[in-house]
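For reference, query39.cif is printed below; it contains mmCIF, C-alpha atoms.
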```
data_upload
loop_
_atom_site.label_atom_id
_atom_site.label_comp_id
_atom_site.auth_asym_id
_atom_site.auth_seq_id
_atom_site.Cartn_x
_atom_site.Cartn_y
_atom_site.Cartn_z
CA MET B 23 65.82 116.93 131.11
CA THR B 24 63.63 114.63 129.06
CA THR B 25 61.90 111.56 130.52
CA ARG B 26 62.01 109.76 127.17
CA ALA B 27 64.85 107.28 126.83
CA PRO B 28 67.12 107.54 123.78
CA TYR B 29 65.64 104.34 122.41
CA PHE B 30 68.05 103.52 119.63
CA THR B 31 71.05 104.08 121.92
CA ASN B 32 69.64 101.81 124.61
CA HIS B 33 68.82 99.08 122.10
CA ALA B 34 72.37 99.06 120.76
CA ARG B 35 73.76 98.51 124.29
CA ARG B 36 72.09 95.19 124.92
CA ARG B 37 74.96 93.16 123.49
CA ARG B 38 77.60 94.94 125.58
CA TRP B 39 78.69 94.26 129.14
CA PRO B 40 77.09 94.76 131.64
CA TRP B 41 73.79 95.10 129.74
CA ARG B 42 74.11 91.61 128.25
CA LEU B 43 73.94 90.15 131.77
CA TYR B 44 70.27 91.14 131.67
CA HIS B 45 69.33 90.68 128.00
CA GLY B 46 71.30 87.51 127.24
CA PRO B 47 69.42 85.14 129.60
CA ILE B 48 66.08 86.56 128.44
CA GLU B 49 66.90 85.95 124.79
CA ARG B 50 68.06 82.40 125.50
CA ALA B 51 64.85 81.61 127.40
CA LEU B 52 62.71 83.01 124.57
CA ALA B 53 64.66 81.08 121.95
CA ARG B 54 64.15 77.76 123.76
CA ILE B 55 60.39 78.27 123.68
CA VAL B 56 60.31 79.46 120.07
CA ARG B 57 62.35 76.54 118.71
CA ALA B 58 59.62 74.11 119.82
CA HIS B 59 57.43 75.64 117.08
CA THR B 60 59.95 75.40 114.23
CA GLY B 61 58.37 75.90 110.82
CA GLY B 62 55.44 78.03 111.94
CA ARG B 63 54.66 81.73 111.94
CA GLY B 64 56.00 84.08 114.59
CA LEU B 65 55.13 87.64 115.56
CA VAL B 66 57.28 90.00 117.62
CA VAL B 67 55.24 92.86 119.08
CA GLY B 68 57.16 95.98 120.03
CA CYS B 69 60.01 94.59 117.97
CA GLY B 70 62.17 97.71 118.10
CA LEU B 71 65.20 97.04 115.93
CA GLU B 72 64.93 93.22 116.14
CA PRO B 73 61.89 91.65 114.41
CA PHE B 74 62.78 88.10 115.49
CA VAL B 75 64.04 86.24 118.56
CA PRO B 76 67.86 86.02 118.61
CA GLY B 77 68.94 82.40 118.65
CA ALA B 78 65.80 81.36 116.79
CA GLU B 79 66.04 83.55 113.69
CA ARG B 80 65.45 80.62 111.32
CA ALA B 81 62.95 78.72 113.45
CA LEU B 82 59.85 80.59 112.26
CA ARG B 83 58.69 82.87 109.49
CA TRP B 84 58.94 86.06 111.50
CA HIS B 85 56.75 89.16 111.40
CA GLY B 86 57.44 92.31 113.41
CA CYS B 87 55.39 95.32 114.48
CA ASP B 88 56.04 98.39 116.60
CA LEU B 89 54.36 101.67 117.51
CA ASP B 90 57.41 103.62 116.36
CA PRO B 91 57.57 104.18 112.58
CA ASP B 92 61.29 104.93 112.87
CA ALA B 93 61.90 101.48 114.37
CA ILE B 94 60.05 99.80 111.51
CA ALA B 95 61.94 101.88 108.95
CA ALA B 96 65.21 100.83 110.59
CA CYS B 97 64.17 97.15 110.48
CA GLU B 98 63.30 97.45 106.80
CA ALA B 99 66.74 98.89 106.12
CA SER B 100 68.54 96.25 108.18
CA TYR B 101 66.45 93.25 107.08
CA PRO B 102 65.26 93.94 103.51
CA ALA B 103 64.11 90.32 103.10
CA MET B 104 61.46 91.02 105.77
CA ARG B 105 59.88 93.97 103.99
CA GLY B 106 56.20 93.23 103.78
CA ARG B 107 56.35 91.42 107.11
CA LEU B 108 56.99 94.58 109.12
CA ALA B 109 54.28 97.04 110.14
CA VAL B 110 53.43 99.94 112.44
CA CYS B 111 50.83 99.15 115.10
CA PRO B 112 47.70 101.36 114.95
CA ASP B 113 47.94 101.88 118.72
CA ALA B 114 49.35 100.19 121.82
CA TYR B 115 46.44 97.75 122.04
CA THR B 116 45.81 96.97 118.35
CA LEU B 117 47.93 94.76 116.14
CA PRO B 118 48.19 95.10 112.36
CA SER B 119 45.50 92.99 110.68
CA VAL B 120 46.08 93.30 106.93
CA ALA B 121 47.98 90.56 105.08
CA PRO B 122 50.35 89.05 106.03
CA PHE B 123 49.34 89.99 109.59
CA ASP B 124 45.87 88.52 109.22
CA GLY B 125 45.18 85.21 110.88
CA THR B 126 47.00 83.68 113.83
CA PHE B 127 50.58 82.91 114.78
CA ASP B 128 52.23 79.89 116.35
CA VAL B 129 54.20 82.14 118.69
CA VAL B 130 53.58 85.76 119.70
CA VAL B 131 56.44 87.38 121.61
CA ALA B 132 56.74 90.74 123.37
CA LYS B 133 60.14 91.29 124.96
CA GLU B 134 60.24 94.04 127.59
CA VAL B 135 57.04 95.73 126.38
CA ILE B 136 54.18 95.04 128.80
CA GLU B 137 55.68 97.25 131.53
CA HIS B 138 55.48 100.23 129.15
CA VAL B 139 51.68 100.16 128.64
CA GLU B 140 49.04 101.67 130.92
CA GLU B 141 46.69 98.66 130.65
CA PRO B 142 48.78 95.48 130.72
CA GLU B 143 45.88 93.03 130.72
CA ARG B 144 44.28 94.71 127.71
CA PHE B 145 47.64 94.57 125.92
CA ALA B 146 48.23 90.90 126.74
CA ARG B 147 44.68 89.97 125.68
CA ALA B 148 45.20 91.63 122.30
CA LEU B 149 48.32 89.54 121.76
CA ALA B 150 46.70 86.33 123.02
CA SER B 151 43.84 86.78 120.56
CA ARG B 152 46.33 86.25 117.72
CA VAL B 153 47.81 83.00 119.06
CA ALA B 154 46.85 79.87 117.13
CA PRO B 155 45.50 76.78 118.93
CA GLY B 156 48.47 74.97 120.40
CA GLY B 157 50.53 78.15 120.14
CA ASP B 158 52.29 80.20 122.79
CA LEU B 159 52.23 83.79 123.97
CA VAL B 160 55.56 84.70 125.54
CA LEU B 161 56.17 87.91 127.48
CA SER B 162 59.34 89.05 129.21
CA THR B 163 59.46 91.94 131.63
CA PRO B 164 61.59 93.35 134.43
CA ASP B 165 60.78 91.78 137.80
CA TYR B 166 59.81 94.38 140.39
CA GLY B 167 58.73 91.85 143.00
CA PHE B 168 60.56 90.43 145.99
CA PRO B 169 63.34 89.24 146.09
CA SER B 170 64.45 90.98 142.88
CA THR B 171 66.94 93.82 143.40
CA LEU B 172 66.16 95.41 140.03
CA GLY B 173 64.07 98.21 141.52
CA LEU B 174 67.00 99.30 143.67
CA LEU B 175 69.39 99.16 140.70
CA GLU B 176 67.04 101.22 138.55
CA ALA B 177 66.58 103.86 141.24
CA THR B 178 70.33 104.23 141.81
CA VAL B 179 72.93 103.07 139.28
CA LEU B 180 70.73 102.99 136.19
CA GLU B 181 69.09 106.30 137.04
CA TRP B 182 72.53 107.87 137.50
CA ILE B 183 73.56 106.63 134.03
CA ALA B 184 70.34 107.95 132.51
CA ARG B 185 70.73 111.38 134.07
CA ARG B 186 74.29 111.63 132.78
CA GLU B 187 72.76 111.17 129.31
CA GLY B 188 70.08 113.80 129.90
CA TRP B 189 67.00 111.72 130.64
CA SER B 190 65.30 109.88 133.51
CA ARG B 191 63.94 106.37 134.05
CA ALA B 192 61.31 107.68 136.45
CA TYR B 193 58.28 107.30 134.18
CA ILE B 194 59.27 104.77 131.53
CA HIS B 195 57.54 101.78 133.20
CA PRO B 196 54.00 102.81 134.18
CA SER B 197 53.06 99.16 134.83
CA PRO B 198 55.86 97.54 136.87
CA MET B 199 55.28 93.79 136.81
CA THR B 200 55.73 91.03 139.35
CA ALA B 201 55.22 87.29 139.03
CA ALA B 202 51.93 87.59 140.89
CA ARG B 203 50.71 90.37 138.63
CA LEU B 204 51.53 88.35 135.52
CA ALA B 205 49.83 85.26 136.95
CA ALA B 206 46.67 87.27 137.61
CA LEU B 207 46.25 88.36 133.99
CA ASP B 208 43.03 87.05 132.45
CA LEU B 209 43.77 86.37 128.79
CA GLY B 210 40.43 84.88 127.86
CA PRO B 211 38.98 81.41 127.37
CA ASP B 212 41.25 78.55 126.34
CA VAL B 213 44.41 80.50 127.18
CA SER B 214 46.24 79.10 130.19
CA LEU B 215 49.39 80.17 131.98
CA VAL B 216 52.03 77.44 131.63
CA ARG B 217 54.85 78.92 133.66
CA ILE B 218 56.64 82.04 134.84
CA ARG B 219 60.40 81.79 135.04
CA ARG B 220 62.88 84.13 136.73
CA VAL B 221 66.05 84.73 134.70
CA ALA B 222 68.99 87.13 134.65
CA PHE B 223 69.83 86.95 138.36
CA GLY B 224 66.13 87.26 139.17
CA TRP B 225 65.92 90.68 137.51
CA ALA B 226 63.56 89.53 134.73
CA LEU B 227 60.51 87.34 134.25
CA VAL B 228 59.67 85.20 131.22
CA ALA B 229 56.04 84.13 131.19
CA CYS B 230 54.36 81.77 128.75
CA TRP B 231 50.69 81.07 128.04
CA ARG B 232 49.28 78.33 125.79
CA ARG B 233 46.10 78.46 123.70
CA GLU B 234 44.52 75.05 124.04
CA VAL B 235 43.57 72.90 121.05
CA PRO B 236 39.79 72.37 120.63
CA GLN B 237 38.71 68.74 120.64
CA PRO B 238 36.03 68.05 117.98
CA GLY B 239 32.79 66.92 119.58
CA ALA B 240 34.26 66.91 123.07
CA GLY B 241 33.06 70.37 124.06
CA ARG B 242 36.38 71.14 125.65
CA SER B 243 40.00 71.88 124.82
CA THR B 244 43.25 70.16 125.61
CA PRO B 245 46.81 71.39 125.72
CA SER B 246 48.94 70.81 122.62
CA ARG B 247 51.62 68.12 122.74
CA ASN B 248 54.10 70.65 121.40
CA GLU B 249 56.58 71.38 124.19
CA GLY B 250 56.68 75.13 123.65
CA CYS B 251 56.45 76.86 127.01
CA ALA B 252 57.20 73.66 128.87
CA ALA B 253 60.47 73.21 126.98
CA SER B 254 62.30 75.48 129.45
CA ARG B 255 61.05 73.81 132.63
CA SER B 256 63.98 71.49 133.08
CA ARG B 257 66.65 73.90 131.83
#
```
Same coordinates, now as structure tokens:
Amino acid sequence: MTTRAPYFTNHARRRRWPWRLYHGPIERALARIVRAHTGGRGLVVGCGLEPFVPGAERALRWHGCDLDPDAIAACEASYPAMRGRLAVCPDAYTLPSVAPFDGTFDVVVAKEVIEHVEEPERFARALASRVAPGGDLVLSTPDYGFPSTLGLLEATVLEWIARREGWSRAYIHPSPMTAARLAALDLGPDVSLVRIRRVAFGWALVACWRREVPQPGAGRSTPSRNEGCAASRSR
């Protein structure tokens, strides 16, 4: 039995019941944040087969990157207009840097990625370093903290499904995240946590950080007026 999930099969399931009960609320929460930055540049890290945020496809000029060359090849085939804005990451902690990936982005998104890396703070810092002043870093991840029941579901029902398909979930999330663990991440100067929201029956977390806008001559920074992360507070 392999411990590696059949990635392309799992990705295709997300629109079907019951998988959409998990993925749908996450995508809606991400889209609300992204739409506050309409007209800017967006980057999806660990994009898999979807180099944009569903529900906000036209909001930004999207770029996508992933460690898996097969995923990027599949994106190029599915979204030929995005060729040139898709790239393979050099490693789990380094983003592409050649044009058009040079410079910063108004929104950097990583959906269900941080739990897969061995050093989550290093990963999140790499992403935050590419966020423009006034921009947002948005991460979603399974919630393994109390009172979430996801851990129990993964150890029972989801593990049973995986084993029927010839693999195991046992080692796919080396860095299980909780709200407290996300809140403790140090993403560097001028990057502040705005909020962490529980979605999808409390099974997932959507966290958003803002890079503050420098104030000329003031010696300090201030948050952008753009709603961004805060746009989902009242929804």
Check your understanding: Quick one: of B:Ala132, B:Ala148, B:Met199, B:Leu117, who's nearest to B:Pro73, counting all atoms listed in the file?
Key ->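 The answer is B:Ala132, which sits nearest to B:Pro73.
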Check your understanding: Do you know which residues are at most 7 Å from stretch 205-221 of chain B counting only C-alpha atoms, after dropping those on the same chain fewer than 3 positions away, and could you put them as a PyMOL selection string?
Key -> chain B and resi 47-48+143+146-147+150+201-202+224-234+243+251-252
Apply the PyMOL selection byres ((chain B and resi 59-72) around 7) to the structure shown and report the selected residues as a tab-separated table (two decimals) with C-alpha atoms, keeping the file's coordinate frame.
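Writing the result to part.tsv gives the following:
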```tsv
chain	number	residue	atom	x	y	z
B	56	VAL	CA	60.31	79.46	120.07
B	57	ARG	CA	62.35	76.54	118.71
B	58	ALA	CA	59.62	74.11	119.82
B	73	PRO	CA	61.89	91.65	114.41
B	74	PHE	CA	62.78	88.10	115.49
B	81	ALA	CA	62.95	78.72	113.45
B	82	LEU	CA	59.85	80.59	112.26
B	83	ARG	CA	58.69	82.87	109.49
B	84	TRP	CA	58.94	86.06	111.50
B	85	HIS	CA	56.75	89.16	111.40
B	86	GLY	CA	57.44	92.31	113.41
B	87	CYS	CA	55.39	95.32	114.48
B	88	ASP	CA	56.04	98.39	116.60
B	89	LEU	CA	54.36	101.67	117.51
B	93	ALA	CA	61.90	101.48	114.37
B	96	ALA	CA	65.21	100.83	110.59
B	97	CYS	CA	64.17	97.15	110.48
B	127	PHE	CA	50.58	82.91	114.78
B	128	ASP	CA	52.23	79.89	116.35
B	129	VAL	CA	54.20	82.14	118.69
B	130	VAL	CA	53.58	85.76	119.70
B	131	VAL	CA	56.44	87.38	121.61
B	132	ALA	CA	56.74	90.74	123.37
B	135	VAL	CA	57.04	95.73	126.38
B	250	GLY	CA	56.68	75.13	123.65
```
Review point. Leaving out stretch 178-182 of chain B and any residue of its chain fewer than 5 positions from it, which residues lie within 8 Å of it when counting all atoms listed in the file, given as a PyMOL selection string?
Key: chain B and resi 190-192
Assuming the input is short of atoms at stretch 64-98 of chain B, produce N, CA and C atoms for that part as a CSV table (one decimal), in the coordinates of the input.
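Writing done, so here's part-v1.csv:
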```csv
chain,number,residue,atom,x,y,z
B,64,GLY,N,55.7,83.4,113.3
B,64,GLY,CA,56.0,84.1,114.6
B,64,GLY,C,55.8,85.6,114.4
B,65,LEU,N,55.4,86.2,115.5
B,65,LEU,CA,55.1,87.6,115.6
B,65,LEU,C,55.8,88.2,116.8
B,66,VAL,N,56.6,89.3,116.5
B,66,VAL,CA,57.3,90.0,117.6
B,66,VAL,C,56.6,91.4,117.7
B,67,VAL,N,56.0,91.6,118.8
B,67,VAL,CA,55.2,92.9,119.1
B,67,VAL,C,56.1,93.8,119.9
B,68,GLY,N,56.2,95.1,119.4
B,68,GLY,CA,57.2,96.0,120.0
B,68,GLY,C,58.6,95.5,119.7
B,69,CYS,N,58.8,95.2,118.4
B,69,CYS,CA,60.0,94.6,118.0
B,69,CYS,C,61.2,95.5,118.1
B,70,GLY,N,61.0,96.8,118.1
B,70,GLY,CA,62.2,97.7,118.1
B,70,GLY,C,63.0,97.5,116.9
B,71,LEU,N,64.3,97.2,117.1
B,71,LEU,CA,65.2,97.0,115.9
B,71,LEU,C,65.4,95.6,115.6
B,72,GLU,N,64.7,94.7,116.3
B,72,GLU,CA,64.9,93.2,116.1
B,72,GLU,C,63.6,92.5,115.9
B,73,PRO,N,63.2,92.3,114.7
B,73,PRO,CA,61.9,91.6,114.4
B,73,PRO,C,61.9,90.1,114.4
B,74,PHE,N,62.7,89.5,115.3
B,74,PHE,CA,62.8,88.1,115.5
B,74,PHE,C,63.4,87.9,116.9
B,75,VAL,N,63.4,86.6,117.3
B,75,VAL,CA,64.0,86.2,118.6
B,75,VAL,C,65.5,85.8,118.3
B,76,PRO,N,66.5,86.5,118.8
B,76,PRO,CA,67.9,86.0,118.6
B,76,PRO,C,68.1,84.6,119.1
B,77,GLY,N,68.8,83.8,118.3
B,77,GLY,CA,68.9,82.4,118.6
B,77,GLY,C,67.9,81.5,118.0
B,78,ALA,N,66.8,82.1,117.5
B,78,ALA,CA,65.8,81.4,116.8
B,78,ALA,C,65.4,82.1,115.5
B,79,GLU,N,66.3,82.7,114.9
B,79,GLU,CA,66.0,83.6,113.7
B,79,GLU,C,65.4,82.7,112.6
B,80,ARG,N,65.9,81.5,112.4
B,80,ARG,CA,65.4,80.6,111.3
B,80,ARG,C,64.3,79.6,111.7
B,81,ALA,N,63.9,79.7,113.0
B,81,ALA,CA,63.0,78.7,113.4
B,81,ALA,C,61.6,79.0,112.9
B,82,LEU,N,61.2,80.2,112.7
B,82,LEU,CA,59.8,80.6,112.3
B,82,LEU,C,59.9,81.6,111.1
B,83,ARG,N,58.8,81.8,110.4
B,83,ARG,CA,58.7,82.9,109.5
B,83,ARG,C,58.2,84.1,110.3
B,84,TRP,N,59.2,85.0,110.5
B,84,TRP,CA,58.9,86.1,111.5
B,84,TRP,C,58.2,87.3,110.9
B,85,HIS,N,57.4,87.9,111.7
B,85,HIS,CA,56.8,89.2,111.4
B,85,HIS,C,57.0,90.1,112.6
B,86,GLY,N,57.2,91.4,112.3
B,86,GLY,CA,57.4,92.3,113.4
B,86,GLY,C,56.6,93.6,113.3
B,87,CYS,N,56.2,94.1,114.5
B,87,CYS,CA,55.4,95.3,114.5
B,87,CYS,C,55.8,96.2,115.7
B,88,ASP,N,55.6,97.5,115.5
B,88,ASP,CA,56.0,98.4,116.6
B,88,ASP,C,55.2,99.7,116.5
B,89,LEU,N,55.0,100.4,117.6
B,89,LEU,CA,54.4,101.7,117.5
B,89,LEU,C,55.2,102.7,116.8
B,90,ASP,N,56.5,102.6,116.8
B,90,ASP,CA,57.4,103.6,116.4
B,90,ASP,C,57.7,103.4,114.9
B,91,PRO,N,57.3,104.3,114.0
B,91,PRO,CA,57.6,104.2,112.6
B,91,PRO,C,59.1,104.2,112.3
B,92,ASP,N,59.8,104.9,113.1
B,92,ASP,CA,61.3,104.9,112.9
B,92,ASP,C,61.9,103.6,113.1
B,93,ALA,N,61.4,102.8,114.1
B,93,ALA,CA,61.9,101.5,114.4
B,93,ALA,C,61.6,100.6,113.2
B,94,ILE,N,60.4,100.6,112.6
B,94,ILE,CA,60.0,99.8,111.5
B,94,ILE,C,60.9,100.2,110.3
B,95,ALA,N,61.1,101.5,110.1
B,95,ALA,CA,61.9,101.9,109.0
B,95,ALA,C,63.4,101.3,109.1
B,96,ALA,N,63.9,101.4,110.3
B,96,ALA,CA,65.2,100.8,110.6
B,96,ALA,C,65.3,99.3,110.3
B,97,CYS,N,64.2,98.6,110.7
B,97,CYS,CA,64.2,97.2,110.5
B,97,CYS,C,64.1,96.9,109.0
B,98,GLU,N,63.4,97.7,108.2
B,98,GLU,CA,63.3,97.4,106.8
B,98,GLU,C,64.7,97.7,106.1
```
